[in-house]
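The data block below is target04.csv; it holds CSV, N, CA and C atoms.
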chain,number,residue,atom,x,y,z
A,1,MET,N,29.1,36.6,7.1
A,1,MET,CA,30.3,37.3,6.6
A,1,MET,C,31.6,37.0,7.2
A,2,LYS,N,31.6,36.7,8.6
A,2,LYS,CA,32.8,36.5,9.3
A,2,LYS,C,33.4,35.1,8.8
A,3,TYR,N,32.6,34.2,8.4
A,3,TYR,CA,33.1,32.9,7.9
A,3,TYR,C,33.7,33.0,6.5
A,4,LEU,N,33.2,33.9,5.7
A,4,LEU,CA,33.9,34.2,4.4
A,4,LEU,C,35.2,34.9,4.7
A,5,GLN,N,35.3,35.8,5.7
A,5,GLN,CA,36.5,36.5,6.0
A,5,GLN,C,37.6,35.4,6.4
A,6,VAL,N,37.2,34.5,7.3
A,6,VAL,CA,38.1,33.5,7.8
A,6,VAL,C,38.6,32.6,6.6
A,7,ILE,N,37.7,32.3,5.7
A,7,ILE,CA,38.2,31.6,4.5
A,7,ILE,C,39.1,32.4,3.7
A,8,GLY,N,38.9,33.7,3.5
A,8,GLY,CA,39.8,34.6,2.8
A,8,GLY,C,41.2,34.6,3.5
A,9,ILE,N,41.2,34.7,4.8
A,9,ILE,CA,42.5,34.7,5.5
A,9,ILE,C,43.2,33.4,5.3
A,10,TRP,N,42.4,32.3,5.4
A,10,TRP,CA,43.0,31.0,5.1
A,10,TRP,C,43.7,30.9,3.7
A,11,ALA,N,43.0,31.5,2.7
A,11,ALA,CA,43.5,31.5,1.4
A,11,ALA,C,44.9,32.2,1.3
A,12,LEU,N,45.2,33.1,2.2
A,12,LEU,CA,46.5,33.7,2.3
A,12,LEU,C,47.6,32.7,2.7
A,13,ILE,N,47.2,31.6,3.3
A,13,ILE,CA,48.2,30.6,3.8
A,13,ILE,C,48.7,29.8,2.5
A,14,ILE,N,47.9,29.7,1.5
A,14,ILE,CA,48.3,28.9,0.4
A,14,ILE,C,49.6,29.4,-0.3
A,15,PRO,N,49.7,30.6,-0.7
A,15,PRO,CA,51.0,31.1,-1.3
A,15,PRO,C,52.1,31.0,-0.3
A,16,VAL,N,51.9,31.2,1.0
A,16,VAL,CA,52.9,31.1,2.0
A,16,VAL,C,53.4,29.6,2.1
A,17,ALA,N,52.5,28.7,2.0
A,17,ALA,CA,52.9,27.3,2.0
A,17,ALA,C,53.6,26.9,0.8
A,18,ILE,N,53.2,27.4,-0.4
A,18,ILE,CA,53.9,27.1,-1.6
A,18,ILE,C,55.4,27.7,-1.6
A,19,LEU,N,55.5,28.9,-1.1
A,19,LEU,CA,56.8,29.5,-0.9
A,19,LEU,C,57.7,28.7,0.1
A,20,ASN,N,57.1,28.3,1.1
A,20,ASN,CA,57.8,27.5,2.1
A,20,ASN,C,58.3,26.2,1.5
A,21,GLY,N,57.4,25.5,0.7
A,21,GLY,CA,57.8,24.3,0.0
A,21,GLY,C,59.0,24.5,-1.0
A,22,GLY,N,58.9,25.7,-1.7
A,22,GLY,CA,60.0,26.0,-2.6
A,22,GLY,C,61.3,26.3,-1.8
A,23,PHE,N,61.2,26.9,-0.7
A,23,PHE,CA,62.4,27.2,0.1
A,23,PHE,C,62.9,25.9,0.6
A,24,ARG,N,62.1,25.0,1.0
A,24,ARG,CA,62.5,23.6,1.5
A,24,ARG,C,63.2,22.9,0.4
A,25,GLU,N,62.7,22.9,-0.8
A,25,GLU,CA,63.2,22.1,-1.9
A,25,GLU,C,64.5,22.7,-2.5
A,26,ASN,N,64.6,24.0,-2.4
A,26,ASN,CA,65.8,24.7,-3.0
A,26,ASN,C,66.9,25.1,-2.0
A,27,VAL,N,66.5,25.3,-0.7
A,27,VAL,CA,67.5,25.7,0.2
A,27,VAL,C,67.7,24.7,1.4
A,28,LEU,N,66.6,24.4,2.0
A,28,LEU,CA,66.7,23.5,3.2
A,28,LEU,C,67.1,22.1,2.9
A,29,VAL,N,66.9,21.7,1.6
A,29,VAL,CA,67.2,20.3,1.2
A,29,VAL,C,68.7,20.0,1.5
A,30,LYS,N,69.5,21.0,1.5
A,30,LYS,CA,70.9,20.9,1.8
A,30,LYS,C,71.2,20.4,3.2
A,31,LEU,N,70.2,20.5,4.1
A,31,LEU,CA,70.3,20.1,5.4
A,31,LEU,C,69.9,18.6,5.6
A,32,GLY,N,69.6,18.0,4.5
A,32,GLY,CA,69.2,16.6,4.6
A,32,GLY,C,67.9,16.3,5.4
A,33,SER,N,68.0,15.4,6.3
A,33,SER,CA,66.8,15.0,7.1
A,33,SER,C,66.2,16.1,7.9
A,34,LEU,N,66.9,17.2,8.1
A,34,LEU,CA,66.3,18.3,8.9
A,34,LEU,C,65.4,19.2,8.0
A,35,ALA,N,65.5,19.1,6.7
A,35,ALA,CA,64.7,19.9,5.9
A,35,ALA,C,63.2,19.9,6.1
A,36,ASN,N,62.6,18.7,6.2
A,36,ASN,CA,61.2,18.6,6.5
A,36,ASN,C,60.8,19.2,7.8
A,37,PRO,N,61.4,18.8,8.9
A,37,PRO,CA,61.0,19.3,10.2
A,37,PRO,C,61.2,20.9,10.3
A,38,ILE,N,62.2,21.4,9.8
A,38,ILE,CA,62.4,22.8,9.8
A,38,ILE,C,61.3,23.5,9.0
A,39,SER,N,61.0,23.0,7.8
A,39,SER,CA,60.0,23.5,6.9
A,39,SER,C,58.7,23.5,7.6
A,40,GLY,N,58.3,22.4,8.3
A,40,GLY,CA,57.1,22.3,9.0
A,40,GLY,C,57.0,23.3,10.1
A,41,ILE,N,58.0,23.5,10.9
A,41,ILE,CA,58.0,24.5,12.0
A,41,ILE,C,57.9,25.9,11.4
A,42,MET,N,58.6,26.1,10.3
A,42,MET,CA,58.5,27.5,9.7
A,42,MET,C,57.1,27.8,9.2
A,43,LEU,N,56.5,26.8,8.5
A,43,LEU,CA,55.1,27.0,8.0
A,43,LEU,C,54.1,27.1,9.2
A,44,SER,N,54.3,26.4,10.2
A,44,SER,CA,53.4,26.5,11.4
A,44,SER,C,53.6,27.9,12.0
A,45,ALA,N,54.8,28.4,12.1
A,45,ALA,CA,55.0,29.8,12.6
A,45,ALA,C,54.3,30.8,11.7
A,46,CYS,N,54.4,30.6,10.4
A,46,CYS,CA,53.8,31.6,9.5
A,46,CYS,C,52.3,31.5,9.6
A,47,ILE,N,51.7,30.3,9.7
A,47,ILE,CA,50.3,30.2,9.9
A,47,ILE,C,49.8,30.9,11.2
A,48,PHE,N,50.5,30.7,12.3
A,48,PHE,CA,50.2,31.4,13.5
A,48,PHE,C,50.3,32.9,13.4
A,49,ALA,N,51.3,33.4,12.7
A,49,ALA,CA,51.5,34.8,12.5
A,49,ALA,C,50.3,35.4,11.7
A,50,ILE,N,49.9,34.7,10.6
A,50,ILE,CA,48.8,35.1,9.8
A,50,ILE,C,47.6,35.2,10.7
A,51,ALA,N,47.3,34.2,11.5
A,51,ALA,CA,46.2,34.2,12.5
A,51,ALA,C,46.3,35.4,13.5
A,52,TYR,N,47.5,35.6,14.0
A,52,TYR,CA,47.7,36.6,15.0
A,52,TYR,C,47.4,38.0,14.5
A,53,PHE,N,47.8,38.3,13.3
A,53,PHE,CA,47.6,39.6,12.8
A,53,PHE,C,46.2,39.8,12.1
A,54,LEU,N,45.6,38.7,11.6
A,54,LEU,CA,44.4,38.9,10.8
A,54,LEU,C,43.1,38.5,11.5
A,55,ILE,N,43.2,37.5,12.3
A,55,ILE,CA,41.9,37.0,13.0
A,55,ILE,C,41.3,38.1,13.8
A,56,PRO,N,42.1,39.0,14.5
A,56,PRO,CA,41.4,40.1,15.3
A,56,PRO,C,40.7,41.1,14.4
A,57,LYS,N,40.9,41.1,13.1
A,57,LYS,CA,40.2,42.0,12.2
A,57,LYS,C,38.7,41.5,12.0
A,58,ILE,N,38.4,40.3,12.3
A,58,ILE,CA,37.1,39.8,12.2
A,58,ILE,C,36.3,40.2,13.4
A,59,LYS,N,35.3,40.9,13.2
A,59,LYS,CA,34.5,41.5,14.4
A,59,LYS,C,33.3,40.7,14.8
A,60,ASN,N,32.9,40.9,16.0
A,60,ASN,CA,31.7,40.3,16.5
A,60,ASN,C,31.7,38.8,16.6
A,61,CYS,N,32.8,38.3,17.1
A,61,CYS,CA,33.0,36.8,17.2
A,61,CYS,C,32.8,36.4,18.7
A,62,LYS,N,32.3,35.2,18.8
A,62,LYS,CA,32.2,34.6,20.1
A,62,LYS,C,33.2,33.4,20.2
A,63,ARG,N,33.3,32.9,21.3
A,63,ARG,CA,34.3,31.8,21.6
A,63,ARG,C,34.1,30.7,20.5
A,64,LEU,N,32.8,30.3,20.3
A,64,LEU,CA,32.5,29.2,19.4
A,64,LEU,C,33.0,29.6,18.0
A,65,ASP,N,32.9,30.8,17.6
A,65,ASP,CA,33.4,31.2,16.2
A,65,ASP,C,34.9,30.9,16.1
A,66,TYR,N,35.7,31.2,17.0
A,66,TYR,CA,37.1,31.0,16.9
A,66,TYR,C,37.4,29.5,16.8
A,67,ILE,N,36.6,28.7,17.6
A,67,ILE,CA,36.8,27.2,17.5
A,67,ILE,C,36.4,26.7,16.1
A,68,LEU,N,35.3,27.2,15.6
A,68,LEU,CA,34.8,26.9,14.2
A,68,LEU,C,35.8,27.3,13.2
A,69,PHE,N,36.4,28.5,13.4
A,69,PHE,CA,37.4,29.0,12.4
A,69,PHE,C,38.5,28.0,12.3
A,70,GLY,N,39.0,27.5,13.4
A,70,GLY,CA,40.1,26.5,13.4
A,70,GLY,C,39.7,25.2,12.7
A,71,PHE,N,38.4,24.8,12.9
A,71,PHE,CA,38.0,23.6,12.2
A,71,PHE,C,37.9,23.8,10.7
A,72,ILE,N,37.4,25.0,10.3
A,72,ILE,CA,37.3,25.3,8.9
A,72,ILE,C,38.7,25.3,8.3
A,73,TRP,N,39.7,26.0,8.9
A,73,TRP,CA,41.1,26.0,8.4
A,73,TRP,C,41.6,24.6,8.3
A,74,PHE,N,41.4,23.8,9.3
A,74,PHE,CA,41.9,22.4,9.4
A,74,PHE,C,41.3,21.6,8.2
A,75,LEU,N,40.0,21.7,8.0
A,75,LEU,CA,39.3,21.0,6.9
A,75,LEU,C,39.8,21.5,5.6
A,76,LEU,N,39.9,22.8,5.4
A,76,LEU,CA,40.3,23.3,4.1
A,76,LEU,C,41.8,22.9,3.8
A,77,THR,N,42.6,23.0,4.8
A,77,THR,CA,44.0,22.6,4.6
A,77,THR,C,44.2,21.2,4.2
A,78,ASN,N,43.4,20.3,4.8
A,78,ASN,CA,43.5,18.9,4.5
A,78,ASN,C,42.9,18.6,3.1
A,79,LEU,N,41.8,19.2,2.8
A,79,LEU,CA,41.2,19.0,1.5
A,79,LEU,C,42.1,19.5,0.4
A,80,PHE,N,42.7,20.7,0.6
A,80,PHE,CA,43.6,21.3,-0.4
A,80,PHE,C,44.8,20.4,-0.6
A,81,ASP,N,45.4,20.0,0.5
A,81,ASP,CA,46.6,19.1,0.3
A,81,ASP,C,46.3,17.8,-0.3
A,82,LEU,N,45.2,17.2,0.2
A,82,LEU,CA,44.8,15.9,-0.4
A,82,LEU,C,44.5,16.0,-1.9
A,83,SER,N,43.9,17.1,-2.3
A,83,SER,CA,43.6,17.3,-3.7
A,83,SER,C,44.9,17.5,-4.5
A,84,MET,N,46.0,18.0,-3.9
A,84,MET,CA,47.3,18.1,-4.6
A,84,MET,C,47.9,16.7,-4.7
A,85,PHE,N,47.7,15.9,-3.7
A,85,PHE,CA,48.2,14.5,-3.8
A,85,PHE,C,47.5,13.7,-5.0
A,86,ILE,N,46.2,13.9,-5.0
A,86,ILE,CA,45.4,13.2,-6.0
A,86,ILE,C,45.8,13.8,-7.4
A,87,LYS,N,45.9,15.1,-7.5
A,87,LYS,CA,46.4,15.7,-8.8
A,87,LYS,C,47.7,15.1,-9.3
A,88,ALA,N,48.6,14.8,-8.3
A,88,ALA,CA,49.9,14.2,-8.6
A,88,ALA,C,49.9,12.7,-8.8
A,89,GLY,N,48.7,12.1,-8.8
A,89,GLY,CA,48.6,10.7,-9.1
A,89,GLY,C,48.7,9.8,-7.9
A,90,GLN,N,48.8,10.5,-6.7
A,90,GLN,CA,48.9,9.7,-5.5
A,90,GLN,C,47.5,9.7,-4.8
A,91,GLY,N,47.3,9.0,-3.7
A,91,GLY,CA,46.0,8.9,-3.1
A,91,GLY,C,46.0,9.1,-1.7
A,92,PHE,N,44.9,8.7,-1.0
A,92,PHE,CA,44.7,9.0,0.4
A,92,PHE,C,45.7,8.3,1.2
A,93,VAL,N,46.1,7.1,0.9
A,93,VAL,CA,47.1,6.4,1.7
A,93,VAL,C,48.4,7.1,1.7
A,94,GLU,N,48.8,7.6,0.6
A,94,GLU,CA,50.1,8.4,0.5
A,94,GLU,C,50.0,9.7,1.3
A,95,TYR,N,48.8,10.3,1.2
A,95,TYR,CA,48.6,11.5,2.0
A,95,TYR,C,48.7,11.2,3.5
A,96,MET,N,48.1,10.2,3.9
A,96,MET,CA,48.1,9.9,5.4
A,96,MET,C,49.5,9.6,5.9
A,97,LYS,N,50.4,9.2,5.0
A,97,LYS,CA,51.8,9.0,5.4
A,97,LYS,C,52.5,10.3,5.8
A,98,THR,N,51.9,11.4,5.3
A,98,THR,CA,52.5,12.7,5.7
A,98,THR,C,52.3,13.0,7.2
A,99,TYR,N,51.4,12.3,7.8
A,99,TYR,CA,51.1,12.5,9.2
A,99,TYR,C,52.1,11.7,10.1
A,100,ASP,N,52.9,10.9,9.5
A,100,ASP,CA,53.9,10.1,10.3
A,100,ASP,C,55.1,11.0,10.7
A,101,ILE,N,55.0,11.5,11.9
A,101,ILE,CA,56.1,12.4,12.4
A,101,ILE,C,57.4,11.7,12.5
A,102,THR,N,57.4,10.4,12.6
A,102,THR,CA,58.7,9.6,12.8
A,102,THR,C,59.5,9.6,11.5
A,103,SER,N,58.8,10.0,10.4
A,103,SER,CA,59.5,10.0,9.1
A,103,SER,C,60.2,11.4,8.9
A,104,GLY,N,60.0,12.3,9.9
A,104,GLY,CA,60.6,13.6,9.8
A,104,GLY,C,59.7,14.6,9.1
A,105,ASN,N,58.5,14.2,8.8
A,105,ASN,CA,57.5,15.1,8.2
A,105,ASN,C,56.7,15.7,9.3
A,106,PHE,N,56.7,17.0,9.4
A,106,PHE,CA,55.9,17.7,10.4
A,106,PHE,C,54.6,18.2,10.0
A,107,TRP,N,54.0,17.5,9.0
A,107,TRP,CA,52.7,18.0,8.5
A,107,TRP,C,51.6,17.9,9.6
A,108,ALA,N,51.7,17.0,10.5
A,108,ALA,CA,50.8,16.9,11.7
A,108,ALA,C,50.8,18.2,12.5
A,109,LEU,N,52.0,18.8,12.7
A,109,LEU,CA,52.2,20.0,13.4
A,109,LEU,C,51.5,21.2,12.6
A,110,VAL,N,51.7,21.2,11.3
A,110,VAL,CA,51.1,22.2,10.4
A,110,VAL,C,49.6,22.2,10.6
A,111,THR,N,49.0,21.0,10.4
A,111,THR,CA,47.5,20.9,10.5
A,111,THR,C,47.0,21.2,11.9
A,112,LEU,N,47.7,20.8,12.9
A,112,LEU,CA,47.4,21.1,14.3
A,112,LEU,C,47.4,22.6,14.5
A,113,THR,N,48.4,23.3,13.9
A,113,THR,CA,48.5,24.7,14.0
A,113,THR,C,47.3,25.4,13.3
A,114,THR,N,46.9,24.9,12.2
A,114,THR,CA,45.7,25.5,11.5
A,114,THR,C,44.5,25.3,12.4
A,115,LEU,N,44.4,24.2,13.1
A,115,LEU,CA,43.3,23.9,14.0
A,115,LEU,C,43.2,24.8,15.2
A,116,VAL,N,44.3,25.0,15.8
A,116,VAL,CA,44.3,25.8,17.1
A,116,VAL,C,44.6,27.2,17.0
A,117,SER,N,45.2,27.7,16.0
A,117,SER,CA,45.6,29.1,15.9
A,117,SER,C,44.5,30.1,16.1
A,118,PRO,N,43.4,30.0,15.4
A,118,PRO,CA,42.4,31.0,15.6
A,118,PRO,C,41.9,31.1,17.1
A,119,PHE,N,41.7,30.0,17.7
A,119,PHE,CA,41.3,30.0,19.1
A,119,PHE,C,42.4,30.5,20.0
A,120,ALA,N,43.6,30.1,19.8
A,120,ALA,CA,44.8,30.5,20.6
A,120,ALA,C,45.0,32.0,20.5
A,121,VAL,N,44.9,32.5,19.3
A,121,VAL,CA,45.0,34.0,19.1
A,121,VAL,C,43.9,34.7,19.8
A,122,ALA,N,42.7,34.2,19.8
A,122,ALA,CA,41.6,34.8,20.5
A,122,ALA,C,41.9,34.9,22.0
A,123,LYS,N,42.5,33.8,22.5
A,123,LYS,CA,42.9,33.8,24.0
A,123,LYS,C,44.0,34.8,24.3
A,124,ILE,N,45.0,34.7,23.4
A,124,ILE,CA,46.2,35.5,23.7
A,124,ILE,C,45.9,37.0,23.5
A,125,ARG,N,45.1,37.3,22.5
A,125,ARG,CA,44.8,38.7,22.3
A,125,ARG,C,43.5,39.2,23.0
A,126,HIS,N,43.0,38.3,23.8
A,126,HIS,CA,41.8,38.7,24.7
A,126,HIS,C,40.6,39.2,23.8
A,127,LEU,N,40.3,38.4,22.8
A,127,LEU,CA,39.2,38.8,21.8
A,127,LEU,C,37.9,38.2,22.4
Entire entry expressed as structure tokens:
Amino acid sequence: MKYLQVIGIWALIIPVAILNGGFRENVLVKLGSLANPISGIMLSACIFAIAYFLIPKIKNCKRLDYILFGFIWFLLTNLFDLSMFIKAGQGFVEYMKTYDITSGNFWALVTLTTLVSPFAVAKIRHL
């Protein structure tokens, strides 16, 4: 049951990420090359906040559970985003370019945040 709960919490990240993308494309774009880094940092902060407030609601977890939660979020995030690339007619190579932090894209930070947030929250909140 706890793994279904963590997938449900992850599903809350999707609309937040979509709103973040809309904000980037409609507001932050005016900042030029700063739009992507700011957007990535904002989304990472939102993901951590979601984890901070909702991961503690999942009861009876061990240290390994929090580590697995992060891997599940990481995998789901990458599969979801890759599927959006494929749907848009792009492929794996184009998707991997999003990990190039030198291009100003902070996607690597976002996926790293999904990976570590559940465990970090467990440590911070003494779960």
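Proximity ranking of A:Phe119, A:Phe23, A:Trp10, A:Trp73 relative to Ser39 of chain A places A:Phe23 first, based on only N, CA and C atoms.
For the pair atom CA of Phe71 of chain A and atom C of Pro118 of chain A, the separation is 9.8 Å.
The gap separating atom N of Leu4 of chain A from atom CA of Ala49 of chain A is 19.5 Å, in Å to one decimal.
Candidate residues A:Cys46, A:Leu115, A:Val29, A:Ala35 were compared for distance to Ile67 of chain A, and the nearest is A:Leu115, using all atoms listed in the file.
Note that the spacing between atom C of Glu25 of chain A and atom CA of Gly89 of chain A amounts to 21.0 Å.
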Inset, instruction - Pick out the residues sitting within 8 Å of segment 74-77 of chain A, and hand them over as a PyMOL selection string; count only C-alpha atoms, and ignore anything fewer than 6 positions along from it in its own chain. - result: chain A and resi 111-112+114-115
Inset, instruction - Could you pull out the residues in chain A that DSSP calls helix (DSSP H, G or I) from the backbone, as a count of residues only? - result: 107
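Minimum atom-to-atom distances from A:Ala51, A:Leu43, A:Ile58, A:Leu28 to Val121 of chain A were compared using all atoms listed in the file, and the lowest value belongs to A:Ala51.
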Inset, instruction - Could you give me, as a PyMOL selection string, the residues within 6.5 Å of segment 102-106 of chain A, counting all atoms listed in the file and dropping anything in the same chain fewer than 3 positions from it? - result: chain A and resi 33+36-37+40-41+98-99+109-111
Restricting the output to N, CA and C atoms, write the selected residues as a PDB file, in the frame of the given file.
ATOM      1  N   SER A  33      68.000  15.400   6.300  1.00  0.00           N
ATOM      2  CA  SER A  33      66.800  15.000   7.100  1.00  0.00           C
ATOM      3  C   SER A  33      66.200  16.100   7.900  1.00  0.00           C
ATOM      4  N   ASN A  36      62.600  18.700   6.200  1.00  0.00           N
ATOM      5  CA  ASN A  36      61.200  18.600   6.500  1.00  0.00           C
ATOM      6  C   ASN A  36      60.800  19.200   7.800  1.00  0.00           C
ATOM      7  N   PRO A  37      61.400  18.800   8.900  1.00  0.00           N
ATOM      8  CA  PRO A  37      61.000  19.300  10.200  1.00  0.00           C
ATOM      9  C   PRO A  37      61.200  20.900  10.300  1.00  0.00           C
ATOM     10  N   GLY A  40      58.300  22.400   8.300  1.00  0.00           N
ATOM     11  CA  GLY A  40      57.100  22.300   9.000  1.00  0.00           C
ATOM     12  C   GLY A  40      57.000  23.300  10.100  1.00  0.00           C
ATOM     13  N   ILE A  41      58.000  23.500  10.900  1.00  0.00           N
ATOM     14  CA  ILE A  41      58.000  24.500  12.000  1.00  0.00           C
ATOM     15  C   ILE A  41      57.900  25.900  11.400  1.00  0.00           C
ATOM     16  N   THR A  98      51.900  11.400   5.300  1.00  0.00           N
ATOM     17  CA  THR A  98      52.500  12.700   5.700  1.00  0.00           C
ATOM     18  C   THR A  98      52.300  13.000   7.200  1.00  0.00           C
ATOM     19  N   TYR A  99      51.400  12.300   7.800  1.00  0.00           N
ATOM     20  CA  TYR A  99      51.100  12.500   9.200  1.00  0.00           C
ATOM     21  C   TYR A  99      52.100  11.700  10.100  1.00  0.00           C
ATOM     22  N   LEU A 109      52.000  18.800  12.700  1.00  0.00           N
ATOM     23  CA  LEU A 109      52.200  20.000  13.400  1.00  0.00           C
ATOM     24  C   LEU A 109      51.500  21.200  12.600  1.00  0.00           C
ATOM     25  N   VAL A 110      51.700  21.200  11.300  1.00  0.00           N
ATOM     26  CA  VAL A 110      51.100  22.200  10.400  1.00  0.00           C
ATOM     27  C   VAL A 110      49.600  22.200  10.600  1.00  0.00           C
ATOM     28  N   THR A 111      49.000  21.000  10.400  1.00  0.00           N
ATOM     29  CA  THR A 111      47.500  20.900  10.500  1.00  0.00           C
ATOM     30  C   THR A 111      47.000  21.200  11.900  1.00  0.00           C
TER      31      THR A 111
END
Inset, instruction - Could you tell me which of A:Ala88, A:Ala108, A:Cys61, A:Leu82 comes closest to Ala122 of chain A if we count only C-alpha atoms? - result: A:Cys61
